[in-house]
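Enquirer: Hey, dropping query11.cif in here, mmCIF, C-alpha atoms:
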data_input
#
loop_
_atom_site.label_atom_id
_atom_site.label_comp_id
_atom_site.auth_asym_id
_atom_site.auth_seq_id
_atom_site.Cartn_x
_atom_site.Cartn_y
_atom_site.Cartn_z
CA MET A 1 54.04 4.63 -241.48
CA VAL A 2 52.96 8.28 -241.24
CA ASN A 3 53.58 8.37 -237.47
CA GLY A 4 57.08 6.98 -237.98
CA PHE A 5 57.83 9.55 -240.64
CA LEU A 6 56.53 12.41 -238.50
CA SER A 7 58.53 11.29 -235.47
CA ILE A 8 61.71 11.03 -237.54
CA LEU A 9 61.08 14.45 -239.09
CA THR A 10 60.45 15.98 -235.66
CA ALA A 11 63.61 14.39 -234.27
CA ILE A 12 65.68 15.77 -237.13
CA LEU A 13 64.24 19.26 -236.68
CA VAL A 14 64.84 19.22 -232.93
CA LEU A 15 68.33 17.72 -233.03
CA PHE A 16 69.51 19.72 -236.04
CA PRO A 17 67.83 23.12 -235.74
CA PHE A 18 70.03 24.74 -238.36
CA VAL A 19 68.29 22.63 -240.99
CA ILE A 20 65.27 24.84 -240.27
CA THR A 21 67.34 27.99 -240.75
CA ILE A 22 68.73 26.80 -244.06
CA ALA A 23 65.31 25.61 -245.29
CA PHE A 24 63.75 28.94 -244.30
CA LEU A 25 66.45 30.85 -246.18
CA ILE A 26 65.99 28.65 -249.26
CA VAL A 27 62.20 29.12 -249.24
CA MET A 28 62.54 32.88 -248.86
CA ARG A 29 65.10 32.97 -251.66
CA LYS A 30 62.68 31.09 -253.94
CA MET A 31 60.02 33.68 -253.04
CA GLY A 32 62.36 36.40 -254.29
CA LYS A 33 63.52 37.81 -250.96
CA ALA A 34 67.15 38.80 -250.52
CA PRO A 35 68.99 36.58 -248.01
CA ALA A 36 70.25 39.59 -246.07
CA ALA A 37 66.68 40.74 -245.48
CA VAL A 38 65.46 37.45 -244.02
CA ILE A 39 68.38 36.27 -241.90
CA GLY A 40 66.86 37.86 -238.80
CA LYS A 41 63.50 36.20 -239.48
CA ALA A 42 65.23 32.86 -240.00
CA ALA A 43 66.99 33.27 -236.66
CA ASP A 44 63.69 34.16 -235.00
CA PHE A 45 62.06 31.10 -236.52
CA THR A 46 64.89 28.80 -235.40
CA THR A 47 65.19 29.98 -231.78
CA PRO A 48 62.39 27.80 -230.30
CA PHE A 49 63.96 24.74 -231.88
CA LEU A 50 67.31 25.76 -230.40
CA PHE A 51 65.73 25.91 -226.95
CA LEU A 52 64.50 22.34 -227.43
CA SER A 53 67.71 21.02 -228.93
CA VAL A 54 69.94 22.55 -226.25
CA TYR A 55 67.67 21.11 -223.56
CA ILE A 56 67.55 17.63 -225.12
CA THR A 57 71.28 17.57 -225.91
CA SER A 58 72.27 18.66 -222.40
CA MET A 59 69.83 16.14 -220.93
CA THR A 60 71.41 13.41 -223.06
CA ILE A 61 74.98 14.35 -222.18
CA PHE A 62 74.63 15.10 -218.48
CA GLY A 63 71.55 13.07 -217.64
CA LYS A 64 70.12 15.77 -215.41
CA GLY A 65 67.29 18.22 -215.88
CA THR A 66 68.73 21.47 -217.16
CA GLY A 67 65.47 23.06 -218.26
CA PHE A 68 65.21 25.10 -215.07
CA TYR A 69 68.67 26.57 -215.63
CA ILE A 70 68.04 27.32 -219.29
CA MET A 71 64.77 29.10 -218.55
CA SER A 72 66.26 30.96 -215.56
CA ILE A 73 69.12 32.29 -217.68
CA ALA A 74 66.65 33.25 -220.43
CA ILE A 75 64.53 35.21 -217.95
CA LEU A 76 67.59 36.94 -216.48
CA ILE A 77 68.75 37.94 -219.97
CA ALA A 78 65.32 39.36 -220.76
CA ILE A 79 65.27 41.35 -217.51
CA PHE A 80 68.80 42.65 -218.10
CA LEU A 81 68.04 43.74 -221.67
CA ALA A 82 64.81 45.42 -220.57
CA ILE A 83 66.68 47.39 -217.88
CA VAL A 84 69.39 48.41 -220.36
CA GLU A 85 66.79 49.46 -222.91
CA ARG A 86 64.85 51.43 -220.31
CA THR A 87 67.91 53.35 -219.12
CA LYS A 88 69.26 53.90 -222.63
CA GLU A 89 66.12 55.01 -224.48
CA LYS A 90 63.59 57.64 -223.47
CA GLU A 91 60.72 55.81 -225.11
CA PHE A 92 60.54 52.19 -223.99
CA GLN A 93 59.31 49.94 -226.79
CA ILE A 94 58.58 46.40 -225.70
CA SER A 95 58.68 45.07 -229.27
CA ARG A 96 62.25 46.30 -229.69
CA VAL A 97 63.27 44.67 -226.40
CA LEU A 98 61.62 41.38 -227.33
CA GLN A 99 63.31 41.36 -230.73
CA LYS A 100 66.74 42.05 -229.23
CA THR A 101 66.15 39.43 -226.55
CA TRP A 102 65.10 36.83 -229.10
CA ARG A 103 68.20 37.51 -231.22
CA VAL A 104 70.47 37.26 -228.16
CA TYR A 105 68.80 33.94 -227.35
CA PHE A 106 69.56 32.76 -230.88
CA LEU A 107 73.24 33.66 -230.59
CA LEU A 108 73.71 32.20 -227.11
CA LEU A 109 71.75 29.04 -227.85
CA SER A 110 73.65 28.51 -231.10
CA LEU A 111 76.93 28.78 -229.22
CA SER A 112 75.61 26.47 -226.49
CA TYR A 113 74.46 23.96 -229.09
CA VAL A 114 77.86 23.83 -230.77
CA ILE A 115 79.65 23.53 -227.39
CA LEU A 116 77.31 20.73 -226.31
CA LEU A 117 77.88 18.87 -229.58
CA VAL A 118 81.66 19.10 -229.12
CA ILE A 119 81.36 17.91 -225.50
CA GLY A 120 79.07 15.04 -226.53
CA VAL A 121 81.37 13.90 -229.31
CA SER A 122 84.38 14.17 -226.99
CA PHE A 123 82.66 12.06 -224.34
CA LYS A 124 81.79 9.40 -226.91
CA ILE A 125 85.36 9.34 -228.23
CA LEU A 126 86.72 8.98 -224.70
CA GLU A 127 84.18 6.24 -224.01
CA TYR A 128 85.22 4.43 -227.17
CA VAL A 129 88.94 4.70 -226.38
CA LYS A 130 88.51 3.20 -222.89
#
Can you dump the structure from the file as structure tokens?

Expert:
Amino acid sequence: MVNGFLSILTAILVLFPFVITIAFLIVMRKMGKAPAAVIGKAADFTTPFLFLSVYITSMTIFGKGTGFYIMSIAILIAIFLAIVERTKEKEFQISRVLQKTWRVYFLLLSLSYVILLVIGVSFKILEYVK
């Protein structure tokens, strides 16, 4: 019973990562934090789940391993942002680069997740119509 509940909860969190964002914002609001102050932390907390959900959703839709491509793009983004930060700022701060990189991952993975959901629903509609 407990294993079934935990697997269902994990599946919901992986397939619907924005539930985590909303829950995090609600918990922080109950703790008295302003929503504007914790949106970045909520995005940071959600990003690993977005990595998983984009990977699983793309694997389900296309049936091929896309993890290599996702990680390659993530590494290239990190390298690019580090180079930009190094040329732009005199004092290179790795924590600033990592924070910017993590937020860019959140934005790109959120967009990818929505696009993959639209593609998946479209494929299922086309499959149903045939």

Enquirer: Would you mind reading off the distance between CA of Ile12 in chain A and CA of Leu111 in chain A, one decimal, in Å?

Expert: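 Going from CA of Ile12 in chain A over to CA of Leu111 in chain A, I get 18.9 Å.
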
Enquirer: List the residues matched by the PyMOL selection byres ((chain A and resi 94-104) around 12) in the displayed structure as a PDB file with C-alpha atoms, in the coordinates of the input, ordered by chain and then by residue number.

Expert:
ATOM      1  CA  ILE A  39      68.380  36.270-241.900  1.00  0.00           C
ATOM      2  CA  GLY A  40      66.860  37.860-238.800  1.00  0.00           C
ATOM      3  CA  LYS A  41      63.500  36.200-239.480  1.00  0.00           C
ATOM      4  CA  ALA A  42      65.230  32.860-240.000  1.00  0.00           C
ATOM      5  CA  ALA A  43      66.990  33.270-236.660  1.00  0.00           C
ATOM      6  CA  ASP A  44      63.690  34.160-235.000  1.00  0.00           C
ATOM      7  CA  PHE A  45      62.060  31.100-236.520  1.00  0.00           C
ATOM      8  CA  THR A  46      64.890  28.800-235.400  1.00  0.00           C
ATOM      9  CA  THR A  47      65.190  29.980-231.780  1.00  0.00           C
ATOM     10  CA  PRO A  48      62.390  27.800-230.300  1.00  0.00           C
ATOM     11  CA  LEU A  50      67.310  25.760-230.400  1.00  0.00           C
ATOM     12  CA  PHE A  51      65.730  25.910-226.950  1.00  0.00           C
ATOM     13  CA  ILE A  73      69.120  32.290-217.680  1.00  0.00           C
ATOM     14  CA  ALA A  74      66.650  33.250-220.430  1.00  0.00           C
ATOM     15  CA  ILE A  75      64.530  35.210-217.950  1.00  0.00           C
ATOM     16  CA  LEU A  76      67.590  36.940-216.480  1.00  0.00           C
ATOM     17  CA  ILE A  77      68.750  37.940-219.970  1.00  0.00           C
ATOM     18  CA  ALA A  78      65.320  39.360-220.760  1.00  0.00           C
ATOM     19  CA  ILE A  79      65.270  41.350-217.510  1.00  0.00           C
ATOM     20  CA  PHE A  80      68.800  42.650-218.100  1.00  0.00           C
ATOM     21  CA  LEU A  81      68.040  43.740-221.670  1.00  0.00           C
ATOM     22  CA  ALA A  82      64.810  45.420-220.570  1.00  0.00           C
ATOM     23  CA  ILE A  83      66.680  47.390-217.880  1.00  0.00           C
ATOM     24  CA  VAL A  84      69.390  48.410-220.360  1.00  0.00           C
ATOM     25  CA  GLU A  85      66.790  49.460-222.910  1.00  0.00           C
ATOM     26  CA  ARG A  86      64.850  51.430-220.310  1.00  0.00           C
ATOM     27  CA  LYS A  88      69.260  53.900-222.630  1.00  0.00           C
ATOM     28  CA  GLU A  89      66.120  55.010-224.480  1.00  0.00           C
ATOM     29  CA  GLU A  91      60.720  55.810-225.110  1.00  0.00           C
ATOM     30  CA  PHE A  92      60.540  52.190-223.990  1.00  0.00           C
ATOM     31  CA  GLN A  93      59.310  49.940-226.790  1.00  0.00           C
ATOM     32  CA  TYR A 105      68.800  33.940-227.350  1.00  0.00           C
ATOM     33  CA  PHE A 106      69.560  32.760-230.880  1.00  0.00           C
ATOM     34  CA  LEU A 107      73.240  33.660-230.590  1.00  0.00           C
ATOM     35  CA  LEU A 108      73.710  32.200-227.110  1.00  0.00           C
ATOM     36  CA  LEU A 109      71.750  29.040-227.850  1.00  0.00           C
ATOM     37  CA  SER A 110      73.650  28.510-231.100  1.00  0.00           C
ATOM     38  CA  LEU A 111      76.930  28.780-229.220  1.00  0.00           C
TER      39      LEU A 111
END

Enquirer: Skipping near chain neighbours, those fewer than 6 positions away, what residues fall within 10 Å of Ile119 in chain A using all atoms listed in the file, listed as number ranges by chain?

Expert: A: 58, 61, 113, 125

Enquirer: Between CA of Ala11 in chain A and CA of Leu25 in chain A, what distance in Å does the model show, to one decimal?

Expert: 20.5 Å

Enquirer: I'd like the contact shell of Leu52 in chain A - 10 Å cut-off, all atoms listed in the file, skipping same-chain residues fewer than 6 positions apart - returned as a ChimeraX atom specification.

Expert: /A:13-15,17,58,67,109

Enquirer: In Å, rounded to a single decimal, give me how far CA of Leu6 in chain A is from CA of Val54 in chain A.

Expert: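 Separating CA of Val54 in chain A from CA of Leu6 in chain A is a distance of 20.8 Å.
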
Enquirer: Using all atoms listed in the file, can you tell me which of A:Phe5, A:Met28, A:Ala34, A:Thr57 comes closest to Val114 in chain A?

Expert: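 Closest candidate: A:Thr57.
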
Enquirer: Just range 21-67 of chain A, please, as a PDB file, in the first residue's frame (only C-alpha atoms).

Expert:
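This is the output file out30.pdb:
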ATOM      1  CA  THR A  21       6.456  24.884  -7.907  1.00  0.00           C
ATOM      2  CA  ILE A  22       2.941  25.682  -6.765  1.00  0.00           C
ATOM      3  CA  ALA A  23       3.304  23.629  -3.564  1.00  0.00           C
ATOM      4  CA  PHE A  24       6.619  25.333  -2.789  1.00  0.00           C
ATOM      5  CA  LEU A  25       5.053  28.765  -3.282  1.00  0.00           C
ATOM      6  CA  ILE A  26       2.098  27.838  -1.049  1.00  0.00           C
ATOM      7  CA  VAL A  27       4.376  26.545   1.723  1.00  0.00           C
ATOM      8  CA  MET A  28       6.539  29.662   1.574  1.00  0.00           C
ATOM      9  CA  ARG A  29       3.438  31.854   1.642  1.00  0.00           C
ATOM     10  CA  LYS A  30       2.214  30.043   4.770  1.00  0.00           C
ATOM     11  CA  MET A  31       5.644  30.677   6.331  1.00  0.00           C
ATOM     12  CA  GLY A  32       5.117  34.401   5.749  1.00  0.00           C
ATOM     13  CA  LYS A  33       7.426  34.896   2.768  1.00  0.00           C
ATOM     14  CA  ALA A  34       6.335  37.162  -0.067  1.00  0.00           C
ATOM     15  CA  PRO A  35       5.737  35.260  -3.322  1.00  0.00           C
ATOM     16  CA  ALA A  36       7.985  37.618  -5.275  1.00  0.00           C
ATOM     17  CA  ALA A  37      10.898  36.775  -2.980  1.00  0.00           C
ATOM     18  CA  VAL A  38      10.640  33.008  -3.402  1.00  0.00           C
ATOM     19  CA  ILE A  39       9.787  32.576  -7.080  1.00  0.00           C
ATOM     20  CA  GLY A  40      13.463  32.116  -7.946  1.00  0.00           C
ATOM     21  CA  LYS A  41      13.877  29.509  -5.205  1.00  0.00           C
ATOM     22  CA  ALA A  42      10.767  27.699  -6.419  1.00  0.00           C
ATOM     23  CA  ALA A  43      12.203  27.638  -9.941  1.00  0.00           C
ATOM     24  CA  ASP A  44      15.507  26.329  -8.595  1.00  0.00           C
ATOM     25  CA  PHE A  45      13.691  23.613  -6.665  1.00  0.00           C
ATOM     26  CA  THR A  46      11.626  22.573  -9.706  1.00  0.00           C
ATOM     27  CA  THR A  47      14.446  22.403 -12.275  1.00  0.00           C
ATOM     28  CA  PRO A  48      15.658  18.844 -11.468  1.00  0.00           C
ATOM     29  CA  PHE A  49      12.107  17.572 -11.823  1.00  0.00           C
ATOM     30  CA  LEU A  50      11.847  19.371 -15.161  1.00  0.00           C
ATOM     31  CA  PHE A  51      14.981  17.579 -16.353  1.00  0.00           C
ATOM     32  CA  LEU A  52      13.332  14.263 -15.477  1.00  0.00           C
ATOM     33  CA  SER A  53       9.935  15.114 -16.902  1.00  0.00           C
ATOM     34  CA  VAL A  54      11.325  16.418 -20.206  1.00  0.00           C
ATOM     35  CA  TYR A  55      13.444  13.275 -20.537  1.00  0.00           C
ATOM     36  CA  ILE A  56      10.565  10.910 -19.716  1.00  0.00           C
ATOM     37  CA  THR A  57       8.055  12.785 -21.883  1.00  0.00           C
ATOM     38  CA  SER A  58      10.386  12.879 -24.891  1.00  0.00           C
ATOM     39  CA  MET A  59      11.213   9.203 -24.371  1.00  0.00           C
ATOM     40  CA  THR A  60       7.493   8.400 -24.320  1.00  0.00           C
ATOM     41  CA  ILE A  61       6.690  10.445 -27.421  1.00  0.00           C
ATOM     42  CA  PHE A  62       9.660   9.604 -29.621  1.00  0.00           C
ATOM     43  CA  GLY A  63      10.696   6.264 -28.156  1.00  0.00           C
ATOM     44  CA  LYS A  64      14.384   7.079 -28.387  1.00  0.00           C
ATOM     45  CA  GLY A  65      16.945   8.015 -25.773  1.00  0.00           C
ATOM     46  CA  THR A  66      17.175  11.784 -25.635  1.00  0.00           C
ATOM     47  CA  GLY A  67      19.086  12.037 -22.372  1.00  0.00           C
TER      48      GLY A  67
END
